[in-house]
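Engineer: Handing you this structure, nothing more for now.
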Amino acid sequence: MWLFSRKGASGFSATSTAEEVTEGIDGSGLTAVVTGASSGIGAETARVLALRGVHVIMAVRNLSAGHEAKEAIMKRVPNAKVDAMELDLSSMASVRKFASKFDSLGLPLNLLINNAGVMATPFMLSKDNIEQQFATNHVGHFLLTNLMLATMKKTALESKQEGRIVNVSSRRHKFSYPEGIRFDKINDQSGYNSLSAYGQSKLANVLHSNELARLLKAEKVEITANSLHPGAIATNLFRHHSFINGLVAALGKHVMKNVEQGAATTCYVALHPDVKGMTGKYYADCNFAETSLQAKDQELANNLWDFTCKLIDKC
């Protein structure tokens, strides 16, 4: 990774770690929900936020794995405030159940880290009969964000602290299908390409955060929404592609980030004071980055918002 160590305007680079980019930041008094926090960069994001004093709710599909991840954090950060709660983003019923349970706890919410994801899966439908990658990576997070917004608005108003919504996207958003979002063919197995479908879901993450940023700004609400590319990271996301998985195993440590580096941009966008007031932005390596032209398409963003709202209402 030494090839990518050149620092950007933020003072950080591709080799910066999550601990390095949050050094000296006091997150006590803040509460965060981190999806997909039982492994990979989600677990490291949860650990570093907890290290900085944030009360972290680990939203995880597998509760036993979540408890193991929590114990691992507690061993390294004995005074950490961490809880694990069940959340299956491919099921709208599970998302609604999670949001209802969170509400019942009466906790504030300052940070929502939409991190969980699946990558390049064979064609399959979710429990709500939506293509699995689009359902998990976009629709589940869209619904979760909508359900958590009231608490985030209340928290921002009462605490007089900016709330932050962070969508973990990918540079693969630049490699969606030619039409960007296949509104009429979301569940069409013919023409399905696992990597293009992943790109489609990641494009949806960027479009979602951009449109959310626009709407929140119009409401004059002190909540920002940004998206990011965490970098190419050697994690189990590649498990559905044996060839890529083999390359990761052989070359990973030389050209890819480790999880400590992979979680850096998420933690930077979630906590760093330099990000205050920034909204509708896209980051990579803890610096501003360029999105695809499709990600800047306002009409596409509007259509995606309406389309997703209809999907949610059906379920």
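To be explicit about the labels: the chains of the structure tokens are called A, B, and onward in the order shown, and within each one the residues are counted from 1, while ligands get numbers from 1 in the order they are shown.
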Neighbours of stretch 82-90 of chain A within 8 Å (only C-alpha atoms; same-chain residues fewer than 5 positions away dropped), as a PyMOL selection string?
Structural biologist: chain A and resi 35+50+55-63+66-67+70+95+98+126-128+132+135-137+139-141
Engineer: Residues of the last selection are to be written out with C-alpha atoms, as a CSV table (one decimal), in the first residue's frame.
Structural biologist:
chain,number,residue,atom,x,y,z
A,35,THR,CA,-25.0,-1.8,10.2
A,50,ALA,CA,-16.4,3.1,20.7
A,55,HIS,CA,-22.2,4.6,22.3
A,56,VAL,CA,-22.4,2.1,19.4
A,57,ILE,CA,-25.4,0.0,18.5
A,58,MET,CA,-24.1,-2.8,16.3
A,59,ALA,CA,-26.9,-3.7,13.9
A,60,VAL,CA,-26.2,-7.3,12.8
A,61,ARG,CA,-27.9,-10.0,10.9
A,62,ASN,CA,-26.3,-12.8,13.0
A,63,LEU,CA,-26.8,-11.9,16.7
A,66,GLY,CA,-22.6,-9.7,16.9
A,67,HIS,CA,-22.1,-10.7,20.5
A,70,LYS,CA,-18.9,-6.9,20.9
A,95,VAL,CA,-35.8,-3.4,9.5
A,98,PHE,CA,-35.2,-3.1,14.6
A,126,SER,CA,-35.0,-11.3,-1.0
A,127,LYS,CA,-37.7,-12.2,1.5
A,128,ASP,CA,-39.7,-9.3,0.0
A,132,GLN,CA,-30.9,-9.5,-3.2
A,135,ALA,CA,-32.7,-5.1,-1.4
A,136,THR,CA,-29.9,-5.4,1.1
A,137,ASN,CA,-27.5,-2.6,0.0
A,139,VAL,CA,-33.8,-0.7,0.0
A,140,GLY,CA,-33.0,-1.9,3.5
A,141,HIS,CA,-30.8,1.1,4.3
Engineer: Find the residues near stretch 277-287 of chain A: any atom within 10 Å, counting only C-alpha atoms, skip ones fewer than 6 places away on the same chain, and give them as a CSV table (one decimal) with all heavy atoms, in the first residue's frame.
Structural biologist:
chain,number,residue,atom,x,y,z
A,4,PHE,N,0.2,4.1,-2.4
A,4,PHE,CA,-1.0,5.0,-2.3
A,4,PHE,C,-0.9,5.8,-1.1
A,4,PHE,O,-2.0,6.2,-0.5
A,4,PHE,CB,-2.2,4.1,-2.3
A,4,PHE,CG,-2.3,3.1,-3.4
A,4,PHE,CD1,-2.0,1.7,-3.1
A,4,PHE,CD2,-2.5,3.4,-4.7
A,4,PHE,CE1,-2.0,0.8,-4.1
A,4,PHE,CE2,-2.5,2.5,-5.7
A,4,PHE,CZ,-2.3,1.1,-5.4
A,5,SER,N,0.3,6.1,-0.6
A,5,SER,CA,0.4,6.8,0.7
A,5,SER,C,0.4,8.4,0.6
A,5,SER,O,0.6,9.1,1.5
A,5,SER,CB,1.6,6.4,1.4
A,5,SER,OG,2.8,6.6,0.7
A,7,LYS,N,-0.7,12.0,0.7
A,7,LYS,CA,-1.8,12.6,1.4
A,7,LYS,C,-2.6,13.6,0.6
A,7,LYS,O,-2.0,14.3,-0.3
A,7,LYS,CB,-1.2,13.3,2.7
A,7,LYS,CG,-0.7,12.3,3.7
A,7,LYS,CD,-0.1,13.1,4.9
A,7,LYS,CE,0.5,12.1,5.9
A,7,LYS,NZ,1.1,12.8,7.1
A,8,GLY,N,-3.9,13.6,0.8
A,8,GLY,CA,-4.7,14.6,0.1
A,8,GLY,C,-4.9,15.9,1.0
A,8,GLY,O,-4.2,16.1,2.0
A,9,ALA,N,-5.8,16.7,0.6
A,9,ALA,CA,-6.0,18.0,1.3
A,9,ALA,C,-6.4,17.8,2.7
A,9,ALA,O,-6.1,18.7,3.6
A,9,ALA,CB,-7.1,18.8,0.5
A,10,SER,N,-7.0,16.7,3.1
A,10,SER,CA,-7.4,16.5,4.5
A,10,SER,C,-6.2,16.2,5.4
A,10,SER,O,-6.3,16.2,6.6
A,10,SER,CB,-8.4,15.3,4.6
A,10,SER,OG,-7.7,14.1,4.2
A,11,GLY,N,-5.1,15.8,4.8
A,11,GLY,CA,-3.9,15.4,5.5
A,11,GLY,C,-3.8,13.9,5.7
A,11,GLY,O,-2.9,13.4,6.3
A,12,PHE,N,-4.8,13.2,5.1
A,12,PHE,CA,-4.9,11.7,5.2
A,12,PHE,C,-4.8,11.1,3.8
A,12,PHE,O,-5.0,11.8,2.8
A,12,PHE,CB,-6.1,11.3,5.9
A,12,PHE,CG,-6.3,11.9,7.3
A,12,PHE,CD1,-7.3,12.8,7.6
A,12,PHE,CD2,-5.4,11.5,8.3
A,12,PHE,CE1,-7.4,13.3,8.9
A,12,PHE,CE2,-5.5,12.1,9.6
A,12,PHE,CZ,-6.5,13.0,9.9
A,13,SER,N,-4.5,9.8,3.8
A,13,SER,CA,-4.3,9.1,2.5
A,13,SER,C,-4.9,7.7,2.6
A,13,SER,O,-5.6,7.3,3.6
A,13,SER,CB,-2.8,8.9,2.2
A,13,SER,OG,-2.2,8.0,3.1
A,14,ALA,N,-4.7,6.9,1.5
A,14,ALA,CA,-5.3,5.6,1.5
A,14,ALA,C,-4.7,4.7,2.6
A,14,ALA,O,-5.3,3.7,2.9
A,14,ALA,CB,-5.0,5.0,0.1
A,15,THR,N,-3.5,5.0,3.1
A,15,THR,CA,-2.9,4.2,4.1
A,15,THR,C,-3.2,4.6,5.5
A,15,THR,O,-2.8,3.9,6.5
A,15,THR,CB,-1.3,4.2,3.9
A,15,THR,OG1,-0.9,5.5,4.1
A,15,THR,CG2,-0.9,3.6,2.6
A,16,SER,N,-4.0,5.7,5.7
A,16,SER,CA,-4.4,6.2,7.0
A,16,SER,C,-5.3,5.2,7.6
A,16,SER,O,-6.2,4.6,6.9
A,16,SER,CB,-5.1,7.5,6.9
A,16,SER,OG,-4.2,8.5,6.4
A,17,THR,N,-5.3,5.0,8.9
A,17,THR,CA,-6.2,4.1,9.6
A,17,THR,C,-7.3,4.8,10.3
A,17,THR,O,-7.2,6.0,10.5
A,17,THR,CB,-5.4,3.2,10.7
A,17,THR,OG1,-5.0,4.1,11.7
A,17,THR,CG2,-4.2,2.5,10.1
A,18,ALA,N,-8.3,4.1,10.7
A,18,ALA,CA,-9.5,4.7,11.4
A,18,ALA,C,-9.0,5.3,12.7
A,18,ALA,O,-9.5,6.4,13.0
A,18,ALA,CB,-10.5,3.6,11.6
A,21,VAL,N,-7.2,8.8,11.8
A,21,VAL,CA,-8.0,9.9,11.3
A,21,VAL,C,-9.0,10.4,12.4
A,21,VAL,O,-9.6,11.5,12.2
A,21,VAL,CB,-8.8,9.5,10.1
A,21,VAL,CG1,-7.9,9.0,9.0
A,21,VAL,CG2,-9.9,8.5,10.3
A,162,GLU,N,-24.7,18.5,15.2
A,162,GLU,CA,-25.0,18.0,13.8
A,162,GLU,C,-25.1,16.5,13.8
A,162,GLU,O,-24.3,15.8,14.3
A,162,GLU,CB,-23.9,18.5,12.9
A,162,GLU,CG,-24.0,18.0,11.5
A,162,GLU,CD,-22.8,18.4,10.7
A,162,GLU,OE1,-22.8,19.6,10.1
A,162,GLU,OE2,-21.8,17.7,10.6
A,163,GLY,N,-26.2,16.0,13.2
A,163,GLY,CA,-26.3,14.6,13.0
A,163,GLY,C,-25.7,14.2,11.7
A,163,GLY,O,-25.6,15.1,10.8
A,164,ARG,N,-25.2,13.0,11.5
A,164,ARG,CA,-24.5,12.6,10.3
A,164,ARG,C,-25.0,11.2,9.9
A,164,ARG,O,-25.0,10.3,10.6
A,164,ARG,CB,-23.0,12.6,10.5
A,164,ARG,CG,-22.4,13.9,10.7
A,164,ARG,CD,-20.9,13.9,10.8
A,164,ARG,NE,-20.4,15.2,11.1
A,164,ARG,CZ,-19.1,15.5,11.2
A,164,ARG,NH1,-18.2,14.6,11.0
A,164,ARG,NH2,-18.7,16.7,11.5
A,165,ILE,N,-25.4,11.1,8.6
A,165,ILE,CA,-25.8,9.9,7.9
A,165,ILE,C,-24.7,9.6,6.9
A,165,ILE,O,-24.3,10.4,6.1
A,165,ILE,CB,-27.2,10.0,7.3
A,165,ILE,CG1,-28.2,10.3,8.3
A,165,ILE,CG2,-27.5,8.7,6.5
A,165,ILE,CD1,-29.6,10.7,7.7
A,166,VAL,N,-24.1,8.4,7.0
A,166,VAL,CA,-23.0,8.0,6.2
A,166,VAL,C,-23.4,6.7,5.4
A,166,VAL,O,-23.6,5.7,6.0
A,166,VAL,CB,-21.7,7.7,7.0
A,166,VAL,CG1,-20.6,7.4,6.1
A,166,VAL,CG2,-21.4,8.9,7.9
A,167,ASN,N,-23.4,6.8,4.1
A,167,ASN,CA,-23.7,5.6,3.3
A,167,ASN,C,-22.4,5.1,2.7
A,167,ASN,O,-21.7,5.8,2.0
A,167,ASN,CB,-24.6,6.0,2.1
A,167,ASN,CG,-26.1,6.1,2.5
A,167,ASN,OD1,-26.4,5.8,3.6
A,167,ASN,ND2,-26.9,6.5,1.6
A,168,VAL,N,-22.1,3.9,3.1
A,168,VAL,CA,-20.9,3.2,2.5
A,168,VAL,C,-21.2,2.7,1.1
A,168,VAL,O,-21.9,1.7,1.0
A,168,VAL,CB,-20.3,2.1,3.5
A,168,VAL,CG1,-19.1,1.5,2.9
A,168,VAL,CG2,-20.0,2.7,4.8
A,169,SER,N,-20.7,3.4,0.1
A,169,SER,CA,-20.9,2.9,-1.3
A,169,SER,C,-19.7,2.2,-1.8
A,169,SER,O,-19.0,1.5,-1.0
A,169,SER,CB,-21.3,4.2,-2.1
A,169,SER,OG,-21.5,3.8,-3.5
A,170,SER,N,-19.3,2.5,-3.0
A,170,SER,CA,-18.1,1.9,-3.6
A,170,SER,C,-17.8,2.6,-4.9
A,170,SER,O,-18.7,3.1,-5.6
A,170,SER,CB,-18.3,0.4,-3.8
A,170,SER,OG,-17.4,-0.1,-4.7
A,171,ARG,N,-16.5,2.5,-5.3
A,171,ARG,CA,-16.2,3.1,-6.7
A,171,ARG,C,-16.9,2.2,-7.7
A,171,ARG,O,-17.0,2.7,-8.9
A,171,ARG,CB,-14.7,3.1,-6.9
A,171,ARG,CG,-14.0,1.8,-7.1
A,171,ARG,CD,-12.5,2.0,-7.3
A,171,ARG,NE,-12.2,2.7,-8.5
A,171,ARG,CZ,-12.1,2.2,-9.7
A,171,ARG,NH1,-12.3,0.9,-9.9
A,171,ARG,NH2,-11.8,2.9,-10.8
A,206,VAL,N,-25.2,6.3,-3.4
A,206,VAL,CA,-24.8,7.6,-3.7
A,206,VAL,C,-26.0,8.5,-4.0
A,206,VAL,O,-26.1,9.6,-3.4
A,206,VAL,CB,-23.8,7.7,-4.8
A,206,VAL,CG1,-23.3,9.2,-5.0
A,206,VAL,CG2,-22.6,6.8,-4.5
A,207,LEU,N,-26.9,8.1,-4.9
A,207,LEU,CA,-28.1,8.8,-5.2
A,207,LEU,C,-28.9,9.1,-4.0
A,207,LEU,O,-29.5,10.2,-3.8
A,207,LEU,CB,-28.9,8.1,-6.3
A,207,LEU,CG,-28.2,8.0,-7.7
A,207,LEU,CD1,-28.9,7.0,-8.6
A,207,LEU,CD2,-28.2,9.4,-8.4
A,208,HIS,N,-29.1,8.1,-3.2
A,208,HIS,CA,-29.9,8.2,-1.9
A,208,HIS,C,-29.3,9.3,-1.0
A,208,HIS,O,-30.0,10.2,-0.5
A,208,HIS,CB,-29.9,6.8,-1.2
A,208,HIS,CG,-30.5,6.9,0.1
A,208,HIS,ND1,-30.0,6.2,1.2
A,208,HIS,CD2,-31.6,7.6,0.6
A,208,HIS,CE1,-30.8,6.4,2.3
A,208,HIS,NE2,-31.8,7.2,1.9
A,209,SER,N,-28.0,9.2,-0.8
A,209,SER,CA,-27.4,10.2,0.2
A,209,SER,C,-27.5,11.6,-0.4
A,209,SER,O,-27.7,12.6,0.3
A,209,SER,CB,-26.0,9.8,0.5
A,209,SER,OG,-25.1,9.9,-0.6
A,210,ASN,N,-27.3,11.7,-1.7
A,210,ASN,CA,-27.4,13.1,-2.4
A,210,ASN,C,-28.8,13.7,-2.3
A,210,ASN,O,-28.9,14.9,-2.0
A,210,ASN,CB,-27.0,13.0,-3.8
A,210,ASN,CG,-25.5,12.7,-4.0
A,210,ASN,OD1,-24.7,12.7,-3.1
A,210,ASN,ND2,-25.1,12.5,-5.3
A,211,GLU,N,-29.8,12.8,-2.5
A,211,GLU,CA,-31.2,13.3,-2.5
A,211,GLU,C,-31.6,13.6,-1.0
A,211,GLU,O,-32.2,14.6,-0.7
A,211,GLU,CB,-32.1,12.3,-3.1
A,211,GLU,CG,-33.6,12.7,-3.2
A,211,GLU,CD,-33.9,14.0,-4.0
A,211,GLU,OE1,-32.9,14.5,-4.6
A,211,GLU,OE2,-35.0,14.5,-3.9
A,212,LEU,N,-31.1,12.8,-0.1
A,212,LEU,CA,-31.4,13.0,1.3
A,212,LEU,C,-30.8,14.3,1.8
A,212,LEU,O,-31.4,15.1,2.5
A,212,LEU,CB,-30.9,11.8,2.1
A,212,LEU,CG,-31.2,11.7,3.6
A,212,LEU,CD1,-32.7,11.7,3.8
A,212,LEU,CD2,-30.5,10.5,4.2
A,213,ALA,N,-29.5,14.5,1.3
A,213,ALA,CA,-28.8,15.8,1.7
A,213,ALA,C,-29.6,17.0,1.2
A,213,ALA,O,-29.8,18.0,1.9
A,213,ALA,CB,-27.4,15.8,1.1
A,214,ARG,N,-30.1,16.9,0.0
A,214,ARG,CA,-30.9,18.0,-0.6
A,214,ARG,C,-32.2,18.3,0.2
A,214,ARG,O,-32.5,19.4,0.5
A,214,ARG,CB,-31.2,17.7,-2.1
A,214,ARG,CG,-31.9,18.8,-2.8
A,214,ARG,CD,-32.3,18.4,-4.2
A,214,ARG,NE,-33.4,17.5,-4.2
A,214,ARG,CZ,-34.7,17.9,-4.1
A,214,ARG,NH1,-35.0,19.2,-3.9
A,214,ARG,NH2,-35.7,17.0,-4.1
A,216,LEU,N,-32.9,17.4,3.4
A,216,LEU,CA,-32.6,17.8,4.7
A,216,LEU,C,-32.2,19.3,4.8
A,216,LEU,O,-32.5,20.0,5.7
A,216,LEU,CB,-31.6,16.9,5.4
A,216,LEU,CG,-32.0,15.5,5.7
A,216,LEU,CD1,-30.8,14.6,6.1
A,216,LEU,CD2,-33.0,15.5,6.8
A,217,LYS,N,-31.4,19.7,3.7
A,217,LYS,CA,-31.0,21.1,3.6
A,217,LYS,C,-32.2,22.0,3.4
A,217,LYS,O,-32.3,23.1,4.0
A,217,LYS,CB,-30.0,21.2,2.5
A,217,LYS,CG,-29.1,22.4,2.6
A,217,LYS,CD,-28.0,22.3,1.5
A,217,LYS,CE,-27.0,23.4,1.6
A,217,LYS,NZ,-25.9,23.3,0.6
A,222,GLU,N,-30.3,20.1,10.9
A,222,GLU,CA,-28.9,20.0,11.1
A,222,GLU,C,-28.4,18.5,11.1
A,222,GLU,O,-27.9,18.0,12.0
A,222,GLU,CB,-28.5,20.6,12.5
A,222,GLU,CG,-28.6,22.1,12.5
A,222,GLU,CD,-27.6,22.8,11.6
A,222,GLU,OE1,-26.4,22.4,11.7
A,222,GLU,OE2,-28.0,23.6,10.8
A,223,ILE,N,-28.7,17.9,9.9
A,223,ILE,CA,-28.2,16.5,9.7
A,223,ILE,C,-27.6,16.5,8.3
A,223,ILE,O,-28.2,17.0,7.3
A,223,ILE,CB,-29.4,15.5,9.7
A,223,ILE,CG1,-30.1,15.5,11.1
A,223,ILE,CG2,-28.9,14.1,9.4
A,223,ILE,CD1,-31.3,14.7,11.2
A,224,THR,N,-26.5,15.9,8.2
A,224,THR,CA,-25.8,15.8,6.9
A,224,THR,C,-25.9,14.4,6.4
A,224,THR,O,-26.1,13.4,7.1
A,224,THR,CB,-24.3,16.2,6.9
A,224,THR,OG1,-23.6,15.3,7.8
A,224,THR,CG2,-24.1,17.6,7.4
A,225,ALA,N,-25.8,14.2,5.0
A,225,ALA,CA,-25.8,12.9,4.4
A,225,ALA,C,-24.7,12.8,3.4
A,225,ALA,O,-24.7,13.7,2.5
A,225,ALA,CB,-27.2,12.6,3.8
A,226,ASN,N,-23.8,11.9,3.5
A,226,ASN,CA,-22.7,11.7,2.6
A,226,ASN,C,-22.5,10.3,2.3
A,226,ASN,O,-22.9,9.4,3.0
A,226,ASN,CB,-21.4,12.3,3.2
A,226,ASN,CG,-21.5,13.8,3.4
A,226,ASN,OD1,-21.6,14.6,2.4
A,226,ASN,ND2,-21.5,14.3,4.7
A,227,SER,N,-21.8,10.0,1.2
A,227,SER,CA,-21.5,8.7,0.8
A,227,SER,C,-20.0,8.5,0.6
A,227,SER,O,-19.2,9.6,0.5
A,227,SER,CB,-22.2,8.3,-0.5
A,227,SER,OG,-21.9,9.2,-1.6
A,228,LEU,N,-19.5,7.3,0.5
A,228,LEU,CA,-18.0,7.1,0.4
A,228,LEU,C,-17.7,5.8,-0.3
A,228,LEU,O,-18.5,4.9,-0.3
A,228,LEU,CB,-17.4,7.2,1.8
A,228,LEU,CG,-17.8,6.2,2.8
A,228,LEU,CD1,-16.9,5.0,2.8
A,228,LEU,CD2,-17.9,6.8,4.2
A,229,HIS,N,-16.4,5.8,-0.7
A,229,HIS,CA,-15.8,4.5,-1.2
A,229,HIS,C,-14.7,4.2,-0.1
A,229,HIS,O,-13.8,4.9,0.1
A,229,HIS,CB,-15.1,4.8,-2.6
A,229,HIS,CG,-14.2,3.6,-3.0
A,229,HIS,ND1,-14.6,2.3,-3.0
A,229,HIS,CD2,-12.9,3.7,-3.4
A,229,HIS,CE1,-13.6,1.6,-3.5
A,229,HIS,NE2,-12.6,2.4,-3.7
A,230,PRO,N,-14.9,3.0,0.5
A,230,PRO,CA,-13.9,2.7,1.6
A,230,PRO,C,-12.6,2.2,1.1
A,230,PRO,O,-11.6,2.2,1.8
A,230,PRO,CB,-14.6,1.5,2.3
A,230,PRO,CG,-15.5,0.9,1.3
A,230,PRO,CD,-15.9,2.0,0.4
A,231,GLY,N,-12.5,1.9,-0.2
A,231,GLY,CA,-11.3,1.3,-0.8
A,231,GLY,C,-11.4,-0.2,-1.1
A,231,GLY,O,-12.4,-0.8,-0.6
A,261,GLN,N,-7.4,0.3,7.7
A,261,GLN,CA,-7.4,1.4,6.6
A,261,GLN,C,-8.8,1.5,6.0
A,261,GLN,O,-9.2,2.6,5.6
A,261,GLN,CB,-6.3,1.1,5.6
A,261,GLN,CG,-4.9,1.1,6.1
A,261,GLN,CD,-3.9,0.4,5.2
A,261,GLN,OE1,-4.2,-0.5,4.5
A,261,GLN,NE2,-2.6,0.8,5.4
A,262,GLY,N,-9.4,0.4,5.8
A,262,GLY,CA,-10.7,0.4,5.1
A,262,GLY,C,-11.8,1.1,5.9
A,262,GLY,O,-12.8,1.6,5.3
A,263,ALA,N,-11.7,1.1,7.2
A,263,ALA,CA,-12.7,1.8,8.0
A,263,ALA,C,-12.4,3.3,8.2
A,263,ALA,O,-13.2,4.0,8.8
A,263,ALA,CB,-12.8,1.1,9.4
A,264,ALA,N,-11.3,3.7,7.7
A,264,ALA,CA,-10.8,5.1,8.0
A,264,ALA,C,-11.8,6.2,7.4
A,264,ALA,O,-12.1,7.1,8.1
A,264,ALA,CB,-9.4,5.3,7.4
A,265,THR,N,-12.2,6.0,6.2
A,265,THR,CA,-13.0,7.0,5.5
A,265,THR,C,-14.4,7.1,6.2
A,265,THR,O,-14.9,8.2,6.4
A,265,THR,CB,-13.2,6.8,4.0
A,265,THR,OG1,-11.8,6.7,3.4
A,265,THR,CG2,-13.9,7.9,3.4
A,266,THR,N,-14.9,6.0,6.6
A,266,THR,CA,-16.2,6.0,7.3
A,266,THR,C,-16.1,6.7,8.6
A,266,THR,O,-16.9,7.6,9.0
A,266,THR,CB,-16.6,4.5,7.6
A,266,THR,OG1,-16.7,3.8,6.4
A,266,THR,CG2,-18.0,4.5,8.3
A,267,CYS,N,-15.0,6.4,9.4
A,267,CYS,CA,-14.8,7.1,10.7
A,267,CYS,C,-14.5,8.6,10.5
A,267,CYS,O,-15.0,9.4,11.3
A,267,CYS,CB,-13.7,6.4,11.5
A,267,CYS,SG,-14.2,4.7,12.0
A,268,TYR,N,-13.8,8.9,9.5
A,268,TYR,CA,-13.5,10.3,9.2
A,268,TYR,C,-14.8,11.1,8.9
A,268,TYR,O,-15.0,12.1,9.5
A,268,TYR,CB,-12.5,10.4,8.0
A,268,TYR,CG,-12.2,11.8,7.5
A,268,TYR,CD1,-11.3,12.6,8.2
A,268,TYR,CD2,-12.9,12.3,6.4
A,268,TYR,CE1,-11.1,13.9,7.7
A,268,TYR,CE2,-12.6,13.6,5.9
A,268,TYR,CZ,-11.7,14.4,6.6
A,268,TYR,OH,-11.5,15.7,6.1
A,269,VAL,N,-15.6,10.6,8.0
A,269,VAL,CA,-16.8,11.3,7.6
A,269,VAL,C,-17.8,11.3,8.8
A,269,VAL,O,-18.6,12.3,9.0
A,269,VAL,CB,-17.5,10.6,6.4
A,269,VAL,CG1,-18.8,11.2,6.0
A,269,VAL,CG2,-16.5,10.7,5.2
A,295,ALA,N,-24.4,9.4,-11.0
A,295,ALA,CA,-24.6,9.7,-9.5
A,295,ALA,C,-24.9,11.2,-9.3
A,295,ALA,O,-25.5,11.5,-8.3
A,295,ALA,CB,-23.3,9.4,-8.8
Engineer: To one decimal in Å, tell me the separation between atom CA of A:Ser159 and atom CA of A:Arg47.
Structural biologist: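 Atom CA of A:Arg47 lies at a distance of 23.7 Å from atom CA of A:Ser159.
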Engineer: Give the helix (DSSP H, G or I) residues of stretch 153-274 of chain A, as assigned by DSSP on the backbone, as a PyMOL selection string.
Structural biologist: chain A and resi 153-159+171-175+183-185+194-218+236-240+242-255+259-262+264-271+273-274
Engineer: Quick one: residues within 12 Å of stretch 175-189 of chain A, only C-alpha atoms counted, chain neighbours fewer than 6 positions away excluded, as a ChimeraX atom specification?
Structural biologist: /A:120,122-126,128-135,138-139,195-207,291-297,299-308,310-311
Engineer: Taking into account only C-alpha atoms, which residue in the set A:Ser194, A:Lys75, A:Pro273, A:Thr151 is nearest to A:Val118?
Structural biologist: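 Between A:Ser194, A:Lys75, A:Pro273, A:Thr151, the residue approaching A:Val118 most closely is A:Ser194.
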Engineer: Pull the strand (DSSP E) assignments for stretch 183-310 of chain A out of DSSP run on the backbone, and list those residues as a PyMOL selection string.
Structural biologist: chain A and resi 223-229+282-284+287-288
Engineer: What does the distance between atom CA of A:Ala270 and atom CA of A:Asn110 come to in Å, to one decimal place?
Structural biologist: 9.5 Å
Engineer: Take atom CA of A:Ser28 and atom CA of A:Asn115 and report the distance between them in Å, one decimal.
Structural biologist: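 Atom-to-atom, atom CA of A:Ser28 and atom CA of A:Asn115 are spaced 21.4 Å apart.
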